[in-house]
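What follows is the content of final.cif, which has mmCIF, C-alpha atoms:
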data_run
#
loop_
_atom_site.label_atom_id
_atom_site.label_comp_id
_atom_site.auth_asym_id
_atom_site.auth_seq_id
_atom_site.Cartn_x
_atom_site.Cartn_y
_atom_site.Cartn_z
CA MET Y 1 4.80 10.43 -67.20
CA MET Y 2 1.96 9.35 -64.95
CA ASN Y 3 -1.52 9.93 -66.33
CA LYS Y 4 -3.41 7.53 -64.07
CA ARG Y 5 -4.99 9.31 -61.11
CA LEU Y 6 -7.27 8.43 -58.25
CA TYR Y 7 -8.38 9.72 -54.88
CA LEU Y 8 -6.73 8.01 -51.92
CA ALA Y 9 -8.92 8.03 -48.81
CA SER Y 10 -5.96 7.48 -46.51
CA ARG Y 11 -3.26 9.42 -44.74
CA SER Y 12 -0.77 6.60 -45.22
CA PRO Y 13 2.38 7.59 -47.08
CA ARG Y 14 3.14 3.88 -47.55
CA ARG Y 15 -0.06 3.36 -49.55
CA ALA Y 16 0.72 6.38 -51.72
CA GLU Y 17 4.24 5.07 -52.34
CA LEU Y 18 2.95 1.65 -53.39
CA LEU Y 19 0.47 3.26 -55.79
CA GLN Y 20 3.23 5.49 -57.16
CA GLN Y 21 5.31 2.37 -57.89
CA LEU Y 22 2.38 1.23 -60.06
CA GLY Y 23 2.49 4.56 -61.95
CA ILE Y 24 -0.60 5.95 -60.25
CA GLU Y 25 -0.83 9.52 -59.02
CA THR Y 26 -2.86 9.98 -55.86
CA VAL Y 27 -4.92 12.89 -54.60
CA PHE Y 28 -5.19 12.62 -50.82
CA MET Y 29 -8.54 13.13 -49.15
CA ALA Y 30 -9.97 12.50 -45.71
CA ALA Y 31 -12.62 9.84 -45.14
CA ASP Y 32 -12.93 9.50 -41.40
CA VAL Y 33 -15.14 6.71 -40.08
CA ASP Y 34 -15.69 5.17 -36.65
CA GLU Y 35 -13.14 2.35 -36.42
CA THR Y 36 -14.63 0.65 -33.35
CA PRO Y 37 -15.01 -3.09 -33.98
CA LEU Y 38 -18.55 -4.44 -33.78
CA PRO Y 39 -19.32 -7.08 -31.12
CA ASP Y 40 -17.96 -10.50 -32.18
CA GLU Y 41 -16.76 -9.05 -35.51
CA LEU Y 42 -14.08 -11.17 -37.18
CA PRO Y 43 -10.89 -9.32 -38.19
CA GLN Y 44 -11.51 -10.08 -41.88
CA GLU Y 45 -15.04 -8.68 -41.71
CA TYR Y 46 -13.76 -5.66 -39.77
CA VAL Y 47 -11.22 -4.53 -42.39
CA LEU Y 48 -13.63 -5.12 -45.29
CA ARG Y 49 -16.36 -3.11 -43.52
CA LEU Y 50 -14.02 -0.22 -42.78
CA ALA Y 51 -12.51 -0.15 -46.27
CA ARG Y 52 -16.01 -0.04 -47.79
CA ALA Y 53 -17.19 2.61 -45.30
CA LYS Y 54 -14.16 4.82 -46.04
CA ALA Y 55 -14.75 4.48 -49.79
CA GLU Y 56 -18.45 5.31 -49.47
CA THR Y 57 -17.76 8.25 -47.12
CA GLY Y 58 -15.09 9.63 -49.44
CA LEU Y 59 -17.29 9.23 -52.51
CA ALA Y 60 -20.18 11.04 -50.80
CA ALA Y 61 -17.87 13.92 -49.82
CA LEU Y 62 -16.58 14.23 -53.40
CA GLN Y 63 -20.12 14.32 -54.78
CA VAL Y 64 -21.09 17.10 -52.36
CA GLN Y 65 -18.00 19.10 -53.35
CA GLY Y 66 -18.60 18.54 -57.07
CA SER Y 67 -14.98 17.37 -57.38
CA GLU Y 68 -13.36 15.87 -60.47
CA VAL Y 69 -14.68 12.40 -61.22
CA LEU Y 70 -11.93 9.89 -60.46
CA PRO Y 71 -11.94 6.45 -58.86
CA LEU Y 72 -11.40 6.45 -55.10
CA LEU Y 73 -9.36 3.90 -53.20
CA ALA Y 74 -9.64 3.18 -49.47
CA ALA Y 75 -8.01 0.51 -47.34
CA ASP Y 76 -7.82 -0.70 -43.78
CA THR Y 77 -5.26 -2.98 -42.14
CA THR Y 78 -5.34 -4.80 -38.84
CA VAL Y 79 -3.31 -7.43 -37.04
CA ALA Y 80 -5.04 -10.39 -35.41
CA ILE Y 81 -3.84 -12.97 -32.90
CA ASP Y 82 -5.77 -15.21 -30.49
CA GLY Y 83 -9.00 -13.90 -32.03
CA LEU Y 84 -8.14 -10.33 -31.00
CA ILE Y 85 -7.98 -7.34 -33.33
CA LEU Y 86 -4.78 -5.36 -32.71
CA GLY Y 87 -5.19 -1.87 -34.11
CA LYS Y 88 -2.89 1.08 -33.56
CA PRO Y 89 -1.60 1.16 -29.98
CA GLU Y 90 -3.14 3.71 -27.64
CA ASP Y 91 0.19 4.33 -25.88
CA ASP Y 92 3.61 2.77 -25.28
CA ALA Y 93 2.23 0.30 -22.72
CA ASP Y 94 -0.33 -0.90 -25.27
CA ALA Y 95 2.43 -1.25 -27.90
CA ARG Y 96 4.51 -3.31 -25.44
CA ALA Y 97 1.55 -5.60 -24.69
CA MET Y 98 0.94 -6.18 -28.41
CA LEU Y 99 4.59 -6.96 -29.15
CA LEU Y 100 4.80 -9.33 -26.17
CA ARG Y 101 1.67 -11.15 -27.34
CA MET Y 102 3.14 -11.68 -30.84
CA SER Y 103 6.69 -12.47 -29.65
CA GLY Y 104 7.82 -15.89 -30.88
CA ARG Y 105 4.46 -16.59 -32.54
CA TRP Y 106 2.51 -16.45 -35.78
CA HIS Y 107 -0.17 -13.79 -36.31
CA GLU Y 108 -2.29 -12.64 -39.22
CA VAL Y 109 -2.38 -9.30 -41.02
CA HIS Y 110 -5.65 -8.53 -42.78
CA THR Y 111 -6.02 -5.69 -45.28
CA GLY Y 112 -9.31 -4.76 -46.87
CA VAL Y 113 -9.18 -2.67 -50.05
CA ALA Y 114 -12.14 -0.87 -51.62
CA VAL Y 115 -12.33 1.01 -54.91
CA ALA Y 116 -15.32 3.23 -55.65
CA SER Y 117 -15.98 4.19 -59.26
CA ALA Y 118 -18.85 4.58 -61.70
CA SER Y 119 -19.31 0.79 -61.55
CA GLY Y 120 -19.92 0.87 -57.78
CA VAL Y 121 -17.83 -0.03 -54.73
CA HIS Y 122 -15.82 -3.25 -54.98
CA VAL Y 123 -13.79 -4.77 -52.13
CA ARG Y 124 -11.05 -7.38 -51.81
CA LEU Y 125 -9.33 -8.97 -48.83
CA SER Y 126 -5.67 -9.88 -48.35
CA THR Y 127 -4.66 -12.11 -45.44
CA THR Y 128 -1.01 -12.83 -44.66
CA ARG Y 129 0.44 -15.01 -41.91
CA VAL Y 130 3.49 -13.51 -40.21
CA GLN Y 131 5.93 -15.20 -37.82
CA MET Y 132 7.69 -12.94 -35.34
CA THR Y 133 10.90 -13.89 -33.56
CA THR Y 134 11.05 -14.02 -29.77
CA LEU Y 135 11.58 -10.48 -28.48
CA ASP Y 136 13.25 -9.71 -25.15
CA GLU Y 137 12.21 -6.78 -22.99
CA ALA Y 138 15.23 -4.66 -23.95
CA THR Y 139 14.50 -5.06 -27.67
CA ILE Y 140 10.83 -4.18 -27.19
CA GLN Y 141 11.68 -1.08 -25.16
CA ALA Y 142 14.32 0.04 -27.67
CA TYR Y 143 11.86 -0.37 -30.54
CA ILE Y 144 9.11 1.53 -28.74
CA ALA Y 145 11.59 4.34 -28.01
CA THR Y 146 12.05 4.86 -31.78
CA GLY Y 147 8.40 5.94 -32.04
CA GLU Y 148 7.81 3.64 -35.01
CA PRO Y 149 5.05 1.54 -33.37
CA ARG Y 150 2.80 4.52 -32.58
CA ASP Y 151 0.75 4.68 -35.79
CA LYS Y 152 1.00 1.06 -36.90
CA ALA Y 153 -1.59 -1.69 -36.57
CA GLY Y 154 -0.14 -4.31 -34.25
CA ALA Y 155 2.52 -1.80 -33.11
CA TYR Y 156 5.03 -2.60 -35.85
CA GLY Y 157 5.90 -1.76 -39.44
CA ILE Y 158 7.34 -4.57 -41.55
CA GLN Y 159 9.00 -2.04 -43.86
CA GLY Y 160 10.84 -0.35 -40.98
CA LEU Y 161 13.05 -1.36 -38.08
CA ALA Y 162 10.72 -4.23 -37.16
CA SER Y 163 11.67 -6.02 -40.38
CA SER Y 164 14.43 -7.62 -38.30
CA PHE Y 165 11.74 -9.21 -36.07
CA ILE Y 166 10.03 -11.08 -38.91
CA CYS Y 167 11.18 -14.67 -39.44
CA ARG Y 168 8.73 -15.60 -42.16
CA ILE Y 169 5.64 -14.47 -44.03
CA GLU Y 170 3.06 -16.46 -45.95
CA GLY Y 171 1.13 -14.15 -48.24
CA SER Y 172 1.49 -10.57 -49.41
CA TYR Y 173 4.39 -8.43 -48.17
CA SER Y 174 2.72 -5.30 -49.56
CA GLY Y 175 -0.49 -6.37 -47.81
CA VAL Y 176 1.36 -6.30 -44.48
CA MET Y 177 2.57 -2.79 -45.41
CA GLY Y 178 -1.07 -1.76 -45.82
CA LEU Y 179 -1.91 -2.14 -49.52
CA PRO Y 180 -1.81 -5.56 -51.21
CA VAL Y 181 -0.61 -4.78 -54.73
CA PHE Y 182 -2.18 -7.80 -56.47
CA GLU Y 183 -5.68 -7.30 -55.03
CA THR Y 184 -5.42 -3.53 -55.56
CA SER Y 185 -4.42 -3.98 -59.21
CA GLU Y 186 -7.40 -6.28 -59.78
CA LEU Y 187 -9.79 -3.72 -58.29
CA LEU Y 188 -8.24 -0.88 -60.30
CA LYS Y 189 -8.76 -2.84 -63.52
CA GLN Y 190 -12.47 -3.08 -62.65
CA ALA Y 191 -12.45 0.71 -62.27
CA GLY Y 192 -10.79 1.23 -65.65
CA ILE Y 193 -7.22 1.78 -64.45
CA SER Y 194 -4.66 -0.71 -65.71
CA VAL Y 195 -1.23 -0.71 -64.10
CA LEU Y 196 0.36 -1.87 -67.39
#
The structure in this file should be written as structure tokens.
Amino acid sequence: MMNKRLYLASRSPRRAELLQQLGIETVFMAADVDETPLPDELPQEYVLRLARAKAETGLAALQVQGSEVLPLLAADTTVAIDGLILGKPEDDADARAMLLRMSGRWHEVHTGVAVASASGVHVRLSTTRVQMTTLDEATIQAYIATGEPRDKAGAYGIQGLASSFICRIEGSYSGVMGLPVFETSELLKQAGISVL
């Protein structure tokens, strides 16, 4: 029986599933923020800023509503290669360009996690290096046709069909999915929620 609960400022079913695996029940809530990168902002700084902003926005909304007092978790994930931040693709052509850029190369996946509680807002960063196999045009087009790339940073989901594109990872698999379990567990402990 799960008795550990928190607000999840995310629409990501993957994040909710990962938290559920830790025995944590989530209450979804919206925390929309402007996700435009700042000029010359590094990908690591970008995800940490957005995770913190989502946590602070969500916390402010809960206080206005007078909602039940629970910790709030927010996260943001981006893919980076050649110094560029690759967010969710705008369309199929954008997805194709992202996949071509990463084809046969290493890239980084950065996930910032923030937990807001009575002790304040605390953030952690997970960075994972990912090597993608060389993709031909037919494979890219077939993958795009599945619709899977549309709502994924970097136009792919490691837990889906694109898992067959990944040769190697160095870091956190769950971080590439969008919620690094180790860093999240450490933040939850600070907020008074132990996963064990």
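Distance-wise, CA of Arg168 (chain Y) and CA of Leu125 (chain Y) end up 20.4 Å apart.
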key: Polymer residues at most 12 Å from region 180-191 of chain Y, all atoms listed in the file, same-chain spacing of 3 or more positions, as a PyMOL selection string   = chain Y and resi 4-7+14-24+69-77+109-128+171-177+194-196
ask   = Can you list, as a ChimeraX atom specification, the residues that the PyMOL selection byres ((chain Y and resi 10) around 7) selects here?
value = /Y:8-9,11-12,28-30,74
Just to be explicit: take each residue in the selection above, keep C-alpha atoms, and write the result as a PDB file, in the coordinates of the input.
ATOM      1  CA  LEU Y   8      -6.730   8.010 -51.920  1.00  0.00           C
ATOM      2  CA  ALA Y   9      -8.920   8.030 -48.810  1.00  0.00           C
ATOM      3  CA  ARG Y  11      -3.260   9.420 -44.740  1.00  0.00           C
ATOM      4  CA  SER Y  12      -0.770   6.600 -45.220  1.00  0.00           C
ATOM      5  CA  PHE Y  28      -5.190  12.620 -50.820  1.00  0.00           C
ATOM      6  CA  MET Y  29      -8.540  13.130 -49.150  1.00  0.00           C
ATOM      7  CA  ALA Y  30      -9.970  12.500 -45.710  1.00  0.00           C
ATOM      8  CA  ALA Y  74      -9.640   3.180 -49.470  1.00  0.00           C
TER       9      ALA Y  74
END
note = The residue from Y:Ala31, Y:Ile193, Y:Leu179, Y:Ala138 with the smallest atom-to-atom distance to Arg96 (chain Y), counting all atoms listed in the file, is Y:Ala138
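If only C-alpha atoms are the atoms counted, then among Y:Glu45, Y:Asp40, Y:Glu56, Y:Asp94 the closest residue to Lys152 (chain Y) is Y:Asp94.
We find CA of Leu135 (chain Y) and CA of Gln44 (chain Y) to be spaced 26.7 Å apart.
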Selection near region 141-146 of chain Y, 9 Å with only C-alpha atoms, sequence-local residues under 5 positions removed, as a PDB file with C-alpha atoms, keeping the file's coordinate frame:
ATOM      1  CA  ASP Y  92       3.610   2.770 -25.280  1.00  0.00           C
ATOM      2  CA  ALA Y  95       2.430  -1.250 -27.900  1.00  0.00           C
ATOM      3  CA  ARG Y  96       4.510  -3.310 -25.440  1.00  0.00           C
ATOM      4  CA  ASP Y 136      13.250  -9.710 -25.150  1.00  0.00           C
ATOM      5  CA  ALA Y 155       2.520  -1.800 -33.110  1.00  0.00           C
ATOM      6  CA  TYR Y 156       5.030  -2.600 -35.850  1.00  0.00           C
ATOM      7  CA  LEU Y 161      13.050  -1.360 -38.080  1.00  0.00           C
ATOM      8  CA  ALA Y 162      10.720  -4.230 -37.160  1.00  0.00           C
TER       9      ALA Y 162
END
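Each of Y:Arg49, Y:Arg150, Y:Arg129, Y:Lys54 was checked against Glu108 (chain Y) using only C-alpha atoms; the smallest atom-to-atom distance is that of Y:Arg129.
Considering the residues Y:Pro39, Y:Gly154, Y:Pro149, Y:Gly66 and counting only C-alpha atoms, Met98 (chain Y) has its shortest atom-to-atom contact with Y:Gly154.
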query = Between Y:Leu59, Y:Val64, Y:Met132, Y:Val33, which is the closest to Ile81 (chain Y) once you count only C-alpha atoms?
reply = Y:Met132
Padding 3 Å on each side, edges along x, y and z: where is the centre of the box around the listed atoms of region 116-135 of chain Y, and how long are its edges in Å to one decimal? Output it as JSON.
{"center_x": -4.2, "center_y": -5.3, "center_z": -45.1, "size_x": 37.5, "size_y": 25.8, "size_z": 39.2}
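Between CA of Val79 (chain Y) and CA of Leu99 (chain Y) there is a distance of 11.2 Å.
Checking Y:Gly147, Y:Glu170, Y:Gly160, Y:Val27 one by one against Leu62 (chain Y), counting only C-alpha atoms, you find the shortest gap at Y:Val27.
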query = Do you know which residues are at most 8 Å from Thr133 (chain Y) counting all atoms listed in the file, after dropping those on the same chain fewer than 4 positions away, and could you put them as a ChimeraX atom specification?
reply = /Y:103-105,165-167
